[in-house]
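Participant: Got my_file05.pdb for you, PDB, C-alpha atoms:
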ATOM      1  CA  MET A   1       0.000   0.000   0.000
ATOM      2  CA  PHE A   2       2.835   2.425   0.878
ATOM      3  CA  LEU A   3       4.671   2.051  -2.429
ATOM      4  CA  GLU A   4       1.421   2.308  -4.357
ATOM      5  CA  PHE A   5       0.646   5.537  -2.490
ATOM      6  CA  ILE A   6       4.090   6.927  -3.340
ATOM      7  CA  ASP A   7       3.734   5.996  -7.006
ATOM      8  CA  VAL A   8       0.347   7.728  -7.335
ATOM      9  CA  LEU A   9       1.612  10.712  -5.323
ATOM     10  CA  LYS A  10       4.501  11.221  -7.751
ATOM     11  CA  LYS A  11       2.075  11.262 -10.660
ATOM     12  CA  GLU A  12      -0.197  13.777  -8.921
ATOM     13  CA  ILE A  13       2.737  16.080  -8.199
ATOM     14  CA  GLU A  14       3.848  15.909 -11.831
ATOM     15  CA  ARG A  15       0.293  16.487 -13.053
ATOM     16  CA  GLU A  16      -0.474  19.654 -11.076
ATOM     17  CA  LEU A  17       0.224  21.001  -7.614
ATOM     18  CA  PRO A  18      -2.695  22.399  -5.591
ATOM     19  CA  GLY A  19      -0.595  25.522  -4.949
ATOM     20  CA  TRP A  20      -1.976  28.752  -3.532
ATOM     21  CA  GLU A  21      -5.607  27.605  -3.616
ATOM     22  CA  ALA A  22      -4.749  24.970  -1.014
ATOM     23  CA  GLN A  23      -2.227  27.069   0.921
ATOM     24  CA  ARG A  24      -4.603  30.014   1.401
ATOM     25  CA  ARG A  25      -7.054  27.855   3.380
ATOM     26  CA  MET A  26      -4.671  27.931   6.332
ATOM     27  CA  ILE A  27      -3.571  31.564   6.301
ATOM     28  CA  SER A  28      -5.342  34.822   7.163
ATOM     29  CA  GLY A  29      -4.802  38.307   5.861
ATOM     30  CA  ARG A  30      -2.113  37.527   3.315
ATOM     31  CA  PRO A  31      -2.508  38.097  -0.438
ATOM     32  CA  GLU A  32      -1.077  35.724  -2.998
ATOM     33  CA  MET A  33       2.696  35.994  -3.264
ATOM     34  CA  ASP A  34       4.069  38.770  -5.472
ATOM     35  CA  LEU A  35       7.224  37.083  -6.765
ATOM     36  CA  SER A  36       8.839  40.287  -8.005
ATOM     37  CA  ALA A  37       8.287  42.041  -4.656
ATOM     38  CA  ILE A  38       9.694  39.045  -2.770
ATOM     39  CA  ALA A  39      12.783  38.958  -5.007
ATOM     40  CA  LYS A  40      13.522  42.601  -4.139
ATOM     41  CA  ARG A  41      13.739  41.623  -0.460
ATOM     42  CA  ASN A  42      16.531  39.155  -1.265
ATOM     43  CA  PRO A  43      14.999  36.374   0.871
ATOM     44  CA  ARG A  44      17.088  33.661   2.484
ATOM     45  CA  GLN A  45      16.831  30.362   0.615
ATOM     46  CA  SER A  46      15.747  27.423   2.744
ATOM     47  CA  SER A  47      13.971  24.090   2.519
ATOM     48  CA  VAL A  48      12.145  21.535   4.634
ATOM     49  CA  LEU A  49      11.643  17.788   4.415
ATOM     50  CA  ILE A  50       8.212  16.166   4.486
ATOM     51  CA  LEU A  51       9.364  12.625   5.157
ATOM     52  CA  LEU A  52       6.909   9.794   4.455
ATOM     53  CA  TYR A  53       7.402   6.314   5.880
ATOM     54  CA  PRO A  54       5.293   3.241   6.674
ATOM     55  CA  SER A  55       4.492   1.925  10.139
ATOM     56  CA  ASN A  56       1.944  -0.770  11.027
ATOM     57  CA  GLU A  57       0.444  -0.552   7.533
ATOM     58  CA  GLU A  58      -0.172   3.188   7.894
ATOM     59  CA  ILE A  59       1.727   6.148   6.428
ATOM     60  CA  PHE A  60       3.364   8.746   8.644
ATOM     61  CA  THR A  61       5.283  11.985   8.422
ATOM     62  CA  ARG A  62       7.452  13.671  11.057
ATOM     63  CA  LEU A  63       7.116  17.084  12.674
ATOM     64  CA  ILE A  64       9.360  18.759  15.210
ATOM     65  CA  LEU A  65       8.799  21.197  18.062
ATOM     66  CA  ARG A  66      11.508  23.841  17.950
ATOM     67  CA  THR A  67      13.225  25.024  21.123
ATOM     68  CA  GLU A  68      12.559  28.431  22.648
ATOM     69  CA  TYR A  69      14.955  31.114  21.416
ATOM     70  CA  LYS A  70      15.021  34.795  20.468
ATOM     71  CA  GLY A  71      13.506  34.499  17.024
ATOM     72  CA  VAL A  72      10.189  34.571  15.178
ATOM     73  CA  HIS A  73       9.964  30.769  14.911
ATOM     74  CA  SER A  74      10.726  30.060  18.572
ATOM     75  CA  GLY A  75       8.741  27.155  20.007
ATOM     76  CA  GLN A  76       6.851  26.489  16.784
ATOM     77  CA  VAL A  77       5.918  23.153  15.230
ATOM     78  CA  ALA A  78       7.558  22.643  11.862
ATOM     79  CA  PHE A  79       9.019  20.168   9.424
ATOM     80  CA  PRO A  80      12.750  19.517   9.774
ATOM     81  CA  GLY A  81      14.611  22.061   7.681
ATOM     82  CA  GLY A  82      16.603  25.265   7.585
ATOM     83  CA  THR A  83      18.744  27.714   5.643
ATOM     84  CA  LYS A  84      20.772  26.735   2.585
ATOM     85  CA  GLU A  85      24.491  26.807   3.295
ATOM     86  CA  GLU A  86      27.226  27.535   0.745
ATOM     87  CA  TYR A  87      28.351  23.912   0.775
ATOM     88  CA  ASP A  88      24.848  22.565  -0.052
ATOM     89  CA  THR A  89      24.704  21.631  -3.716
ATOM     90  CA  ASP A  90      20.987  22.476  -3.880
ATOM     91  CA  LEU A  91      17.922  22.911  -1.660
ATOM     92  CA  TRP A  92      17.191  19.172  -1.672
ATOM     93  CA  GLN A  93      20.590  18.633  -0.078
ATOM     94  CA  THR A  94      19.746  21.366   2.417
ATOM     95  CA  ALA A  95      16.572  19.536   3.419
ATOM     96  CA  LEU A  96      18.431  16.241   3.808
ATOM     97  CA  ARG A  97      21.260  17.824   5.820
ATOM     98  CA  GLU A  98      18.896  19.645   8.157
ATOM     99  CA  ALA A  99      16.782  16.524   8.686
ATOM    100  CA  HIS A 100      19.923  14.606   9.594
ATOM    101  CA  GLU A 101      21.082  17.329  11.972
ATOM    102  CA  GLU A 102      17.710  17.853  13.651
ATOM    103  CA  VAL A 103      16.188  14.379  13.826
ATOM    104  CA  GLY A 104      19.065  12.082  12.897
ATOM    105  CA  VAL A 105      17.691  10.530   9.703
ATOM    106  CA  SER A 106      20.328   9.352   7.221
ATOM    107  CA  SER A 107      20.134  10.838   3.738
ATOM    108  CA  ASP A 108      21.072   7.521   2.110
ATOM    109  CA  LYS A 109      17.804   6.076   3.439
ATOM    110  CA  ILE A 110      15.644   8.758   1.796
ATOM    111  CA  GLN A 111      14.455   9.012  -1.795
ATOM    112  CA  LEU A 112      13.075  12.161  -3.400
ATOM    113  CA  VAL A 113       9.372  11.959  -4.249
ATOM    114  CA  GLY A 114       8.788  15.524  -5.402
ATOM    115  CA  GLN A 115       8.343  19.062  -4.208
ATOM    116  CA  LEU A 116       5.444  21.252  -3.140
ATOM    117  CA  SER A 117       4.876  24.914  -3.928
ATOM    118  CA  PRO A 118       7.352  27.244  -2.194
ATOM    119  CA  VAL A 119       6.221  29.396   0.715
ATOM    120  CA  TYR A 120       7.445  32.873   1.609
ATOM    121  CA  ILE A 121       7.654  33.807   5.307
ATOM    122  CA  PRO A 122       7.579  37.623   5.653
ATOM    123  CA  PRO A 123       8.616  37.974   9.348
ATOM    124  CA  SER A 124      11.881  36.061   8.852
ATOM    125  CA  ASN A 125      12.282  36.782   5.105
ATOM    126  CA  PHE A 126      12.624  33.077   4.313
ATOM    127  CA  TRP A 127      11.809  31.581   0.907
ATOM    128  CA  VAL A 128      11.066  27.955   1.765
ATOM    129  CA  GLN A 129      10.999  25.030  -0.640
ATOM    130  CA  PRO A 130       9.175  21.971   0.771
ATOM    131  CA  TYR A 131      10.395  18.584  -0.479
ATOM    132  CA  ILE A 132       8.634  15.270  -0.055
ATOM    133  CA  GLY A 133      10.948  12.358   0.615
ATOM    134  CA  MET A 134      10.252   8.727   1.422
ATOM    135  CA  SER A 135      11.842   5.875   3.319
ATOM    136  CA  GLU A 136      10.615   2.317   2.960
ATOM    137  CA  GLU A 137      11.448   1.723   6.612
ATOM    138  CA  TYR A 138      10.780   3.528   9.860
ATOM    139  CA  LEU A 139      13.703   5.768  10.799
ATOM    140  CA  PRO A 140      13.844   6.461  14.544
ATOM    141  CA  ALA A 141      14.297  10.090  15.535
ATOM    142  CA  ILE A 142      17.489  11.209  17.253
ATOM    143  CA  ILE A 143      16.802  14.833  18.098
ATOM    144  CA  GLN A 144      19.355  17.615  18.284
ATOM    145  CA  LYS A 145      18.385  19.074  21.653
ATOM    146  CA  GLN A 146      19.817  22.531  21.011
ATOM    147  CA  GLU A 147      17.287  23.102  18.220
ATOM    148  CA  VAL A 148      14.526  20.542  18.784
ATOM    149  CA  GLN A 149      12.455  19.922  21.921
ATOM    150  CA  ARG A 150      10.785  16.834  20.551
ATOM    151  CA  SER A 151       9.667  15.128  17.361
ATOM    152  CA  PHE A 152       6.446  13.317  16.734
ATOM    153  CA  ASP A 153       5.129  10.947  14.098
ATOM    154  CA  VAL A 154       1.905  12.054  12.454
ATOM    155  CA  ASN A 155      -0.394   9.632  10.640
ATOM    156  CA  ILE A 156      -1.228  11.380   7.362
ATOM    157  CA  ASN A 157      -4.842  10.204   7.687
ATOM    158  CA  MET A 158      -5.118  12.690  10.548
ATOM    159  CA  LEU A 159      -4.946  15.510   8.008
ATOM    160  CA  LEU A 160      -8.218  14.335   6.488
ATOM    161  CA  ASP A 161     -10.093  14.769   9.776
ATOM    162  CA  PRO A 162     -11.916  18.139   9.631
ATOM    163  CA  LEU A 163     -11.975  18.300  13.438
ATOM    164  CA  ILE A 164      -8.242  19.011  13.651
ATOM    165  CA  LYS A 165      -8.707  22.288  11.767
ATOM    166  CA  LYS A 166      -9.543  25.122  14.121
ATOM    167  CA  GLU A 167      -9.213  28.881  14.381
ATOM    168  CA  LYS A 168      -8.111  31.216  17.170
ATOM    169  CA  ILE A 169      -6.493  34.575  17.808
ATOM    170  CA  ILE A 170      -2.749  34.352  17.206
ATOM    171  CA  THR A 171      -0.280  37.189  17.711
ATOM    172  CA  ARG A 172       2.436  36.769  15.107
ATOM    173  CA  SER A 173       4.889  39.224  16.666
ATOM    174  CA  VAL A 174       5.159  41.667  19.555
ATOM    175  CA  THR A 175       4.447  44.542  17.173
ATOM    176  CA  GLU A 176       1.250  43.057  15.709
ATOM    177  CA  ILE A 177      -2.298  42.796  16.966
ATOM    178  CA  GLY A 178      -3.553  39.217  17.189
ATOM    179  CA  ILE A 179      -5.816  38.091  14.370
ATOM    180  CA  SER A 180      -8.087  35.106  13.899
ATOM    181  CA  THR A 181      -5.903  32.453  12.309
ATOM    182  CA  PRO A 182      -6.659  28.921  11.062
ATOM    183  CA  TYR A 183      -4.452  26.131  12.377
ATOM    184  CA  TYR A 184      -4.107  22.373  12.684
ATOM    185  CA  ASN A 185      -4.484  20.971  16.196
ATOM    186  CA  ILE A 186      -1.996  18.081  16.144
ATOM    187  CA  GLU A 187      -1.444  16.286  19.440
ATOM    188  CA  GLY A 188      -2.524  19.438  21.246
ATOM    189  CA  TYR A 189      -0.021  21.638  19.410
ATOM    190  CA  THR A 190      -0.987  24.657  17.321
ATOM    191  CA  VAL A 191       0.440  24.182  13.816
ATOM    192  CA  TRP A 192      -0.016  27.425  11.906
ATOM    193  CA  GLY A 193       1.667  29.776   9.454
ATOM    194  CA  ALA A 194       3.983  28.396   6.794
ATOM    195  CA  THR A 195       3.871  24.830   8.122
ATOM    196  CA  ALA A 196       0.063  24.845   8.046
ATOM    197  CA  MET A 197       0.167  26.137   4.453
ATOM    198  CA  MET A 198       2.461  23.277   3.458
ATOM    199  CA  LEU A 199       0.286  20.760   5.282
ATOM    200  CA  SER A 200      -2.795  22.110   3.516
ATOM    201  CA  GLU A 201      -1.250  21.597   0.087
ATOM    202  CA  PHE A 202      -0.008  18.152   1.072
ATOM    203  CA  GLU A 203      -3.454  17.312   2.477
ATOM    204  CA  GLU A 204      -5.044  18.112  -0.881
ATOM    205  CA  LEU A 205      -2.566  15.805  -2.615
ATOM    206  CA  VAL A 206      -3.341  13.021  -0.113
ATOM    207  CA  ARG A 207      -7.042  13.371  -0.914
ATOM    208  CA  ARG A 208      -6.339  13.113  -4.632
ATOM    209  CA  VAL A 209      -4.121  10.066  -4.167
ATOM    210  CA  TYR A 210      -6.631   8.181  -2.053
ATOM    211  CA  LYS A 211      -9.349   8.955  -4.581
ATOM    212  CA  LYS A 212      -7.204   7.488  -7.378
ATOM    213  CA  MET A 213      -6.388   4.417  -5.286
ATOM    214  CA  LYS A 214     -10.013   3.477  -4.632
TER     215      LYS A 214
END
Take the structure in the file and give it back as C-alpha coordinates.
Facilitator:
Amino acid sequence: MFLEFIDVLKKEIERELPGWEAQRRMISGRPEMDLSAIAKRNPRQSSVLILLYPSNEEIFTRLILRTEYKGVHSGQVAFPGGTKEEYDTDLWQTALREAHEEVGVSSDKIQLVGQLSPVYIPPSNFWVQPYIGMSEEYLPAIIQKQEVQRSFDVNINMLLDPLIKKEKIITRSVTEIGISTPYYNIEGYTVWGATAMMLSEFEELVRRVYKKMK
(Lines of atoms letter the chains of each structure in order from A and count residues from 1; the text may use other names and numbers.)
(Lines give C-alpha, C1' and ligand atoms only; values in the text may rest on other atoms or scores of the structure.)
Protein backbone atom coordinates (compact mmCIF):
# COMPACT_ATOMS: atom_id res chain seq x y z
CA MET A 1 0.00 0.00 0.00
CA PHE A 2 2.83 2.43 0.88
CA LEU A 3 4.67 2.05 -2.43
CA GLU A 4 1.42 2.31 -4.36
CA PHE A 5 0.65 5.54 -2.49
CA ILE A 6 4.09 6.93 -3.34
CA ASP A 7 3.73 6.00 -7.01
CA VAL A 8 0.35 7.73 -7.33
CA LEU A 9 1.61 10.71 -5.32
CA LYS A 10 4.50 11.22 -7.75
CA LYS A 11 2.07 11.26 -10.66
CA GLU A 12 -0.20 13.78 -8.92
CA ILE A 13 2.74 16.08 -8.20
CA GLU A 14 3.85 15.91 -11.83
CA ARG A 15 0.29 16.49 -13.05
CA GLU A 16 -0.47 19.65 -11.08
CA LEU A 17 0.22 21.00 -7.61
CA PRO A 18 -2.69 22.40 -5.59
CA GLY A 19 -0.59 25.52 -4.95
CA TRP A 20 -1.98 28.75 -3.53
CA GLU A 21 -5.61 27.61 -3.62
CA ALA A 22 -4.75 24.97 -1.01
CA GLN A 23 -2.23 27.07 0.92
CA ARG A 24 -4.60 30.01 1.40
CA ARG A 25 -7.05 27.86 3.38
CA MET A 26 -4.67 27.93 6.33
CA ILE A 27 -3.57 31.56 6.30
CA SER A 28 -5.34 34.82 7.16
CA GLY A 29 -4.80 38.31 5.86
CA ARG A 30 -2.11 37.53 3.32
CA PRO A 31 -2.51 38.10 -0.44
CA GLU A 32 -1.08 35.72 -3.00
CA MET A 33 2.70 35.99 -3.26
CA ASP A 34 4.07 38.77 -5.47
CA LEU A 35 7.22 37.08 -6.77
CA SER A 36 8.84 40.29 -8.00
CA ALA A 37 8.29 42.04 -4.66
CA ILE A 38 9.69 39.04 -2.77
CA ALA A 39 12.78 38.96 -5.01
CA LYS A 40 13.52 42.60 -4.14
CA ARG A 41 13.74 41.62 -0.46
CA ASN A 42 16.53 39.16 -1.27
CA PRO A 43 15.00 36.37 0.87
CA ARG A 44 17.09 33.66 2.48
CA GLN A 45 16.83 30.36 0.62
CA SER A 46 15.75 27.42 2.74
CA SER A 47 13.97 24.09 2.52
CA VAL A 48 12.14 21.53 4.63
CA LEU A 49 11.64 17.79 4.42
CA ILE A 50 8.21 16.17 4.49
CA LEU A 51 9.36 12.63 5.16
CA LEU A 52 6.91 9.79 4.46
CA TYR A 53 7.40 6.31 5.88
CA PRO A 54 5.29 3.24 6.67
CA SER A 55 4.49 1.93 10.14
CA ASN A 56 1.94 -0.77 11.03
CA GLU A 57 0.44 -0.55 7.53
CA GLU A 58 -0.17 3.19 7.89
CA ILE A 59 1.73 6.15 6.43
CA PHE A 60 3.36 8.75 8.64
CA THR A 61 5.28 11.99 8.42
CA ARG A 62 7.45 13.67 11.06
CA LEU A 63 7.12 17.08 12.67
CA ILE A 64 9.36 18.76 15.21
CA LEU A 65 8.80 21.20 18.06
CA ARG A 66 11.51 23.84 17.95
CA THR A 67 13.23 25.02 21.12
CA GLU A 68 12.56 28.43 22.65
CA TYR A 69 14.95 31.11 21.42
CA LYS A 70 15.02 34.79 20.47
CA GLY A 71 13.51 34.50 17.02
CA VAL A 72 10.19 34.57 15.18
CA HIS A 73 9.96 30.77 14.91
CA SER A 74 10.73 30.06 18.57
CA GLY A 75 8.74 27.15 20.01
CA GLN A 76 6.85 26.49 16.78
CA VAL A 77 5.92 23.15 15.23
CA ALA A 78 7.56 22.64 11.86
CA PHE A 79 9.02 20.17 9.42
CA PRO A 80 12.75 19.52 9.77
CA GLY A 81 14.61 22.06 7.68
CA GLY A 82 16.60 25.27 7.59
CA THR A 83 18.74 27.71 5.64
CA LYS A 84 20.77 26.74 2.59
CA GLU A 85 24.49 26.81 3.29
CA GLU A 86 27.23 27.53 0.74
CA TYR A 87 28.35 23.91 0.78
CA ASP A 88 24.85 22.57 -0.05
CA THR A 89 24.70 21.63 -3.72
CA ASP A 90 20.99 22.48 -3.88
CA LEU A 91 17.92 22.91 -1.66
CA TRP A 92 17.19 19.17 -1.67
CA GLN A 93 20.59 18.63 -0.08
CA THR A 94 19.75 21.37 2.42
CA ALA A 95 16.57 19.54 3.42
CA LEU A 96 18.43 16.24 3.81
CA ARG A 97 21.26 17.82 5.82
CA GLU A 98 18.90 19.64 8.16
CA ALA A 99 16.78 16.52 8.69
CA HIS A 100 19.92 14.61 9.59
CA GLU A 101 21.08 17.33 11.97
CA GLU A 102 17.71 17.85 13.65
CA VAL A 103 16.19 14.38 13.83
CA GLY A 104 19.06 12.08 12.90
CA VAL A 105 17.69 10.53 9.70
CA SER A 106 20.33 9.35 7.22
CA SER A 107 20.13 10.84 3.74
CA ASP A 108 21.07 7.52 2.11
CA LYS A 109 17.80 6.08 3.44
CA ILE A 110 15.64 8.76 1.80
CA GLN A 111 14.45 9.01 -1.80
CA LEU A 112 13.07 12.16 -3.40
CA VAL A 113 9.37 11.96 -4.25
CA GLY A 114 8.79 15.52 -5.40
CA GLN A 115 8.34 19.06 -4.21
CA LEU A 116 5.44 21.25 -3.14
CA SER A 117 4.88 24.91 -3.93
CA PRO A 118 7.35 27.24 -2.19
CA VAL A 119 6.22 29.40 0.72
CA TYR A 120 7.45 32.87 1.61
CA ILE A 121 7.65 33.81 5.31
CA PRO A 122 7.58 37.62 5.65
CA PRO A 123 8.62 37.97 9.35
CA SER A 124 11.88 36.06 8.85
CA ASN A 125 12.28 36.78 5.11
CA PHE A 126 12.62 33.08 4.31
CA TRP A 127 11.81 31.58 0.91
CA VAL A 128 11.07 27.95 1.77
CA GLN A 129 11.00 25.03 -0.64
CA PRO A 130 9.18 21.97 0.77
CA TYR A 131 10.39 18.58 -0.48
CA ILE A 132 8.63 15.27 -0.05
CA GLY A 133 10.95 12.36 0.61
CA MET A 134 10.25 8.73 1.42
CA SER A 135 11.84 5.87 3.32
CA GLU A 136 10.62 2.32 2.96
CA GLU A 137 11.45 1.72 6.61
CA TYR A 138 10.78 3.53 9.86
CA LEU A 139 13.70 5.77 10.80
CA PRO A 140 13.84 6.46 14.54
CA ALA A 141 14.30 10.09 15.53
CA ILE A 142 17.49 11.21 17.25
CA ILE A 143 16.80 14.83 18.10
CA GLN A 144 19.36 17.62 18.28
CA LYS A 145 18.39 19.07 21.65
CA GLN A 146 19.82 22.53 21.01
CA GLU A 147 17.29 23.10 18.22
CA VAL A 148 14.53 20.54 18.78
CA GLN A 149 12.45 19.92 21.92
CA ARG A 150 10.79 16.83 20.55
CA SER A 151 9.67 15.13 17.36
CA PHE A 152 6.45 13.32 16.73
CA ASP A 153 5.13 10.95 14.10
CA VAL A 154 1.90 12.05 12.45
CA ASN A 155 -0.39 9.63 10.64
CA ILE A 156 -1.23 11.38 7.36
CA ASN A 157 -4.84 10.20 7.69
CA MET A 158 -5.12 12.69 10.55
CA LEU A 159 -4.95 15.51 8.01
CA LEU A 160 -8.22 14.33 6.49
CA ASP A 161 -10.09 14.77 9.78
CA PRO A 162 -11.92 18.14 9.63
CA LEU A 163 -11.98 18.30 13.44
CA ILE A 164 -8.24 19.01 13.65
CA LYS A 165 -8.71 22.29 11.77
CA LYS A 166 -9.54 25.12 14.12
CA GLU A 167 -9.21 28.88 14.38
CA LYS A 168 -8.11 31.22 17.17
CA ILE A 169 -6.49 34.57 17.81
CA ILE A 170 -2.75 34.35 17.21
CA THR A 171 -0.28 37.19 17.71
CA ARG A 172 2.44 36.77 15.11
CA SER A 173 4.89 39.22 16.67
CA VAL A 174 5.16 41.67 19.55
CA THR A 175 4.45 44.54 17.17
CA GLU A 176 1.25 43.06 15.71
CA ILE A 177 -2.30 42.80 16.97
CA GLY A 178 -3.55 39.22 17.19
CA ILE A 179 -5.82 38.09 14.37
CA SER A 180 -8.09 35.11 13.90
CA THR A 181 -5.90 32.45 12.31
CA PRO A 182 -6.66 28.92 11.06
CA TYR A 183 -4.45 26.13 12.38
CA TYR A 184 -4.11 22.37 12.68
CA ASN A 185 -4.48 20.97 16.20
CA ILE A 186 -2.00 18.08 16.14
CA GLU A 187 -1.44 16.29 19.44
CA GLY A 188 -2.52 19.44 21.25
CA TYR A 189 -0.02 21.64 19.41
CA THR A 190 -0.99 24.66 17.32
CA VAL A 191 0.44 24.18 13.82
CA TRP A 192 -0.02 27.42 11.91
CA GLY A 193 1.67 29.78 9.45
CA ALA A 194 3.98 28.40 6.79
CA THR A 195 3.87 24.83 8.12
CA ALA A 196 0.06 24.85 8.05
CA MET A 197 0.17 26.14 4.45
CA MET A 198 2.46 23.28 3.46
CA LEU A 199 0.29 20.76 5.28
CA SER A 200 -2.80 22.11 3.52
CA GLU A 201 -1.25 21.60 0.09
CA PHE A 202 -0.01 18.15 1.07
CA GLU A 203 -3.45 17.31 2.48
CA GLU A 204 -5.04 18.11 -0.88
CA LEU A 205 -2.57 15.81 -2.61
CA VAL A 206 -3.34 13.02 -0.11
CA ARG A 207 -7.04 13.37 -0.91
CA ARG A 208 -6.34 13.11 -4.63
CA VAL A 209 -4.12 10.07 -4.17
CA TYR A 210 -6.63 8.18 -2.05
CA LYS A 211 -9.35 8.96 -4.58
CA LYS A 212 -7.20 7.49 -7.38
CA MET A 213 -6.39 4.42 -5.29
CA LYS A 214 -10.01 3.48 -4.63
Participant: Of the candidates A:Ile64, A:Val113, A:Ile38, A:Ala196, which one gets nearest to Asn125 in chain A if we count only C-alpha atoms?
Facilitator: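 For Asn125 in chain A, the nearest of the candidates is A:Ile38.
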Participant: CA of Leu96 in chain A and CA of Gly81 in chain A are how many Å apart?
Facilitator: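 It comes out at 8.0 Å.
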Participant: Tell me, as a VMD selection string, which residues lie within 12 Å of Glu102 in chain A, counting all atoms listed in the file; anything in the same chain fewer than 2 positions away does not count.
Facilitator: chain A and resid 48 to 49 62 to 67 78 to 82 94 to 100 104 to 106 141 to 151
Participant: Box for range 157-165 of chain A - axis-aligned, 4 Å on each of the six sides, all listed atoms - centre and size in Å to one decimal, as JSON.
Facilitator:
{"center_x": -8.4, "center_y": 16.2, "center_z": 10.1, "size_x": 15.1, "size_y": 20.1, "size_z": 15.2}
Participant: Tell me, as JSON, numbers by chain, which residues lie within 12 Å of Asn56 in chain A, counting all atoms listed in the file; anything in the same chain fewer than 6 positions away does not count.
Facilitator: {"A": [1, 2, 137, 138, 155]}
Participant: Check the smallest atom-to-atom distance from each of A:Thr89, A:Gln111, A:Ser117, A:Ser47 to Ile13 in chain A using all atoms listed in the file, then report the winner.
Facilitator: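 For Ile13 in chain A, the nearest of the candidates is A:Ser117.
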Participant: Can you tell me how far CA of Ser55 in chain A sits from CA of Asp108 in chain A, in Å to one decimal?
Facilitator: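 Distance reported for this atom pair: 19.3 Å.
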Participant: With only C-alpha atoms as the basis for distance, which of A:Val191, A:Met158, A:Lys211, A:Ser46 is at the shortest distance from Trp127 in chain A?
Facilitator: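 Checking each of A:Val191, A:Met158, A:Lys211, A:Ser46 against Trp127 in chain A, counting only C-alpha atoms, the winner is A:Ser46.
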Participant: Determine the nearest neighbour of Asp34 in chain A from the options A:Glu101, A:Leu9, A:Val119, A:Gly114, counting all atoms listed in the file.
Facilitator: A:Val119
Participant: What separation in Å, quoted to one decimal, exists between CA of Ile132 in chain A and CA of Asp90 in chain A?
Facilitator: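 Calculated distance between CA of Ile132 in chain A and CA of Asp90 in chain A is 14.8 Å.
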Participant: Report as a PyMOL selection string the residues that result from applying the PyMOL selection byres ((chain A and resi 51) around 8) to the structure here.
Facilitator: chain A and resi 49-50+52-53+60-62+132-135
Participant: Please determine, counting all atoms listed in the file, which residue among A:Arg44, A:Glu16, A:Glu32, A:Pro118 has the shortest atom-to-atom distance to Thr195 in chain A.
Facilitator: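 Checking each of A:Arg44, A:Glu16, A:Glu32, A:Pro118 against Thr195 in chain A, counting all atoms listed in the file, the winner is A:Pro118.
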Participant: May I ask which of the residues A:Met213, A:Met26, A:Pro122, A:Met33 is the closest one to Lys165 in chain A, counting only C-alpha atoms?
Facilitator: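 Of A:Met213, A:Met26, A:Pro122, A:Met33, the one nearest Lys165 in chain A, counting only C-alpha atoms, is A:Met26.
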